[in-house]
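Asks: Compact mmCIF, C-alpha atoms, saved as query.txt, coming up:
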# COMPACT_ATOMS: atom_id res chain seq x y z
CA GLN F 1 -66.64 -61.34 42.88
CA ILE F 2 -70.20 -60.01 42.70
CA SER F 3 -72.80 -61.23 45.19
CA ALA F 4 -76.39 -62.22 44.34
CA ALA F 5 -77.45 -58.70 45.36
CA GLY F 6 -75.05 -57.21 42.78
CA VAL F 7 -72.61 -55.92 45.42
CA THR F 8 -68.91 -56.69 45.28
CA ASP F 9 -68.09 -59.52 47.67
CA SER F 10 -65.28 -57.85 49.58
CA LYS F 11 -64.19 -59.14 52.98
CA PHE F 12 -60.91 -59.95 54.66
CA LEU F 13 -59.31 -61.13 57.89
CA ALA F 14 -55.58 -60.75 58.51
CA LEU F 15 -53.37 -61.48 61.52
CA THR F 16 -49.85 -60.31 62.21
CA ASN F 17 -47.30 -63.08 61.93
CA THR F 18 -44.28 -61.20 63.32
CA GLY F 19 -44.07 -58.78 66.22
CA GLN F 20 -42.74 -55.30 65.57
CA THR F 21 -40.19 -54.43 68.27
CA ASN F 22 -39.12 -51.03 69.60
CA VAL F 23 -41.50 -49.19 67.32
CA THR F 24 -42.94 -46.25 69.28
CA GLY F 25 -42.52 -44.45 72.57
CA ASN F 26 -41.68 -40.83 71.92
CA GLY F 27 -44.68 -39.85 69.81
CA GLU F 28 -43.69 -41.69 66.65
CA VAL F 29 -46.65 -42.80 64.53
CA VAL F 30 -46.41 -46.47 63.62
CA ASN F 31 -48.58 -47.46 60.69
CA LEU F 32 -49.44 -51.13 61.05
CA THR F 33 -48.62 -51.81 57.43
CA GLY F 34 -46.00 -54.07 55.96
CA ALA F 35 -45.36 -57.63 54.91
CA TYR F 36 -45.92 -59.05 58.41
CA TRP F 37 -49.65 -59.71 57.86
CA THR F 38 -51.03 -63.16 57.06
CA GLU F 39 -54.42 -63.24 55.38
CA THR F 40 -56.87 -65.82 56.66
CA TYR F 41 -59.16 -64.85 53.81
CA ASP F 42 -59.47 -61.98 51.32
CA THR F 43 -62.38 -62.62 48.97
CA GLY F 44 -61.94 -59.46 46.92
CA SER F 45 -58.11 -59.37 46.96
CA ASP F 46 -58.46 -55.86 48.42
CA PHE F 47 -56.08 -56.24 51.38
CA VAL F 48 -52.31 -56.00 50.88
CA ASN F 49 -49.70 -55.72 53.66
CA GLY F 50 -51.99 -54.08 56.20
CA THR F 51 -53.85 -51.75 53.83
CA PHE F 52 -57.38 -52.28 52.56
CA THR F 53 -58.43 -50.59 49.29
CA ALA F 54 -62.19 -50.16 48.74
CA PRO F 55 -63.30 -51.76 45.48
CA GLU F 56 -66.43 -49.57 45.34
CA THR F 57 -68.18 -46.72 47.12
CA GLY F 58 -70.17 -47.86 50.13
CA LYS F 59 -70.31 -48.49 53.85
CA TYR F 60 -67.67 -50.83 55.25
CA ILE F 61 -67.35 -52.42 58.66
CA PHE F 62 -63.85 -52.84 60.06
CA ASN F 63 -62.83 -54.73 63.17
CA GLY F 64 -59.39 -54.44 64.66
CA GLY F 65 -57.31 -55.45 67.59
CA VAL F 66 -53.95 -54.26 68.76
CA SER F 67 -51.64 -55.68 71.39
CA LEU F 68 -48.71 -53.70 72.81
CA SER F 69 -45.97 -54.88 75.13
CA GLY F 70 -43.62 -52.72 77.17
CA VAL F 71 -46.17 -50.02 78.06
CA SER F 72 -45.24 -48.42 81.38
CA SER F 73 -46.19 -45.55 83.65
CA ASN F 74 -43.35 -43.59 81.99
CA HIS F 75 -45.58 -43.26 78.94
CA THR F 76 -48.02 -40.39 79.36
CA TRP F 77 -50.63 -41.46 76.81
CA GLY F 78 -51.24 -43.42 73.64
CA LYS F 79 -53.68 -43.78 70.80
CA TRP F 80 -54.71 -46.41 68.31
CA THR F 81 -56.53 -45.36 65.16
CA LEU F 82 -58.07 -46.48 61.90
CA VAL F 83 -56.77 -44.16 59.19
CA THR F 84 -58.89 -43.85 56.05
CA SER F 85 -58.69 -41.60 53.02
CA ASN F 86 -61.63 -39.55 54.34
CA ARG F 87 -60.86 -39.30 58.09
CA THR F 88 -59.21 -40.88 61.10
CA PHE F 89 -61.25 -42.90 63.59
CA TYR F 90 -60.04 -43.53 67.13
CA GLY F 91 -60.02 -47.08 68.44
CA ALA F 92 -58.70 -46.00 71.82
CA ILE F 93 -56.97 -43.16 73.57
CA PHE F 94 -55.45 -44.23 76.86
CA HIS F 95 -53.22 -43.13 79.72
CA PRO F 96 -51.08 -45.95 81.13
CA ASN F 97 -51.53 -44.73 84.72
CA ASN F 98 -55.31 -44.82 84.33
CA THR F 99 -55.55 -48.00 82.29
CA ALA F 100 -55.70 -51.59 83.47
CA LEU F 101 -52.49 -52.99 82.03
CA LEU F 102 -51.76 -56.70 81.97
CA GLY F 103 -48.28 -56.39 83.41
CA ASN F 104 -46.81 -54.04 80.83
CA ASP F 105 -49.18 -55.16 78.08
CA TRP F 106 -52.10 -53.21 76.66
CA ARG F 107 -54.74 -54.79 74.43
CA GLN F 108 -57.80 -53.32 72.77
CA THR F 109 -60.37 -54.31 70.15
CA THR F 110 -63.02 -52.22 68.44
CA ALA F 111 -65.19 -51.92 65.34
CA TRP F 112 -65.87 -49.02 63.00
CA VAL F 113 -68.50 -48.47 60.29
CA VAL F 114 -66.92 -46.23 57.68
CA ASP F 115 -68.07 -44.56 54.47
CA MET F 116 -65.56 -45.05 51.69
CA ASP F 117 -65.31 -44.11 48.05
CA ALA F 118 -63.93 -46.50 45.45
CA SER F 119 -60.10 -46.69 45.78
CA ASP F 120 -60.07 -45.18 49.30
CA THR F 121 -57.71 -46.93 51.69
CA ALA F 122 -57.82 -47.95 55.35
CA TYR F 123 -55.11 -49.09 57.75
CA MET F 124 -54.43 -49.04 61.50
CA SER F 125 -51.79 -47.01 63.35
CA VAL F 126 -50.45 -46.73 66.90
CA GLN F 127 -48.75 -43.88 68.74
CA ILE F 128 -47.35 -43.83 72.32
CA TYR F 129 -46.15 -40.58 73.87
CA TYR F 130 -43.52 -38.89 75.98
CA THR F 131 -40.74 -41.20 76.89
CA ASP F 132 -37.77 -42.71 75.14
CA THR F 133 -38.92 -46.13 76.36
CA THR F 134 -40.15 -48.04 73.33
CA VAL F 135 -43.02 -50.50 73.04
CA ASP F 136 -43.60 -53.53 70.84
CA VAL F 137 -46.60 -54.46 68.70
CA THR F 138 -47.17 -58.14 69.46
CA THR F 139 -48.87 -60.89 67.50
CA ASP F 140 -51.11 -62.31 70.21
CA MET F 141 -54.09 -60.04 69.48
CA THR F 142 -53.18 -57.75 66.59
CA TYR F 143 -55.60 -58.31 63.72
CA PHE F 144 -57.58 -56.40 61.09
CA SER F 145 -60.78 -57.45 59.33
CA GLY F 146 -63.44 -55.81 57.23
CA ALA F 147 -66.34 -56.24 54.86
CA LEU F 148 -68.49 -54.21 52.50
CA LEU F 149 -71.91 -53.79 54.11
CA ALA F 150 -73.70 -52.58 50.96
For this file, produce the structure as structure tokens.

Replies:
Amino acid sequence: QISAAGVTDSKFLALTNTGQTNVTGNGEVVNLTGAYWTETYDTGSDFVNGTFTAPETGKYIFNGGVSLSGVSSNHTWGKWTLVTSNRTFYGAIFHPNNTALLGNDWRQTTAWVVDMDASDTAYMSVQIYYTDTTVDVTTDMTYFSGALLA
């Protein structure tokens, strides 16, 4: 779709519909991609299974949230990122001993404004470090949205 200003009308909102259990804990990178995303809307059909593909070169705004369960003081640190074709943007870097956990849950939201070229991709990833204790990505606040600014 093309807007009145002649810009592609590209925007999406997707929520996870299934938790991902025992996914990270010893430094494994978990890309939040797969068929467990449910699209609320996707006006440009640019979002598929957790990955957004830019329909044109421009500035995009992305909003994301991640919810982890099973985080403990045995984990030494973690990070949540937006990975794009051009660079990686940090949503959060945290240390469980210095972070306000909700029981053993950790939740974070953020927004990024990103320059993308046509056909560049963007997706979120999570990594928790230094213990064999695994964590889960839960559905209660894990989401991904974005839109072409212009």

Asks: What does the distance between CA of Thr84 in chain F and CA of Thr133 in chain F come to in Å, to one decimal place?

Replies: 28.6 Å

Asks: Using all atoms listed in the file, which of F:Gln127, F:Thr57, F:Thr109, F:Thr51 sits nearest Trp77 in chain F?

Replies: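 Smallest separation from Trp77 in chain F among the options: F:Gln127.
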
Asks: Taking into account all atoms listed in the file, which residue in the set F:Tyr123, F:Ala14, F:Val113, F:Gly27 is nearest to Thr81 in chain F?

Replies: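 Of the candidates, the smallest distance to Thr81 in chain F is held by F:Tyr123.
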
Asks: For Asn104 in chain F, find every residue with an atom within 9 Å (counting all atoms listed in the file), except residues of its own chain fewer than 5 positions away, and show them as a VMD selection string.

Replies: chain F and resid 68 to 73

Asks: Taking only C-alpha atoms into account, name the residue in F:Ser45, F:Asp105, F:Thr110, F:Gly78 that is nearest to Val29 in chain F.

Replies: F:Gly78

Asks: Using all atoms listed in the file, find the one residue out of F:Phe144, F:Trp106, F:Phe52, F:Tyr130 that sits nearest to Asn26 in chain F.

Replies: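 Looking at the shortest contact to Asn26 in chain F, the residue is F:Tyr130.
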
Asks: Taking the point (-39.5, -59.8, 64.7) as given in the file, collect each protein or nucleic acid residue that comes within 12 Å of it, counting all atoms listed in the file, and present the set as a list in words.

Replies: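 I get Thr16, Asn17, Thr18, Gly19, Gln20, Thr21, Asn22, Val23, Ala35, Tyr36, Asp136, Val137, Thr138 and Thr139 of chain F for the residues within 12 Å of that point.
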
Asks: Once 4 Å is added on each side, what are the centre and the three edge lengths, in Å to one decimal, of the axis-aligned box enclosing the listed atoms of range 26-44 of chain F? Present them as lines of an AutoDock Vina configuration file.

Replies:
center_x = -52.0
center_y = -52.8
center_z = 59.4
size_x = 28.7
size_y = 34.0
size_z = 33.0

Asks: Go ahead and compute the interatomic distance for CA of Glu56 in chain F and CA of Gln108 in chain F, in Å to one decimal.

Replies: 29.0 Å

Asks: Set the distance at 6 Å and use all atoms listed in the file: which residues neighbour Thr142 in chain F once local chain neighbours fewer than 2 positions away are removed? I'd like the list as a list in words.

Replies: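 These residues fall inside the cut-off: Gly65, Val66, Ser67 and Thr139 of chain F.
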
Asks: Please return, as a VMD selection string, all polymer residues that have at least one atom within 6 Å of the point (-68.7, -48.0, 54.1); use all atoms listed in the file and the file's own coordinate frame.

Replies: chain F and resid 58 to 60 114 to 116

Asks: How far is it from CA of Leu13 in chain F to CA of Thr38 in chain F, in Å with one decimal?

Replies: 8.6 Å
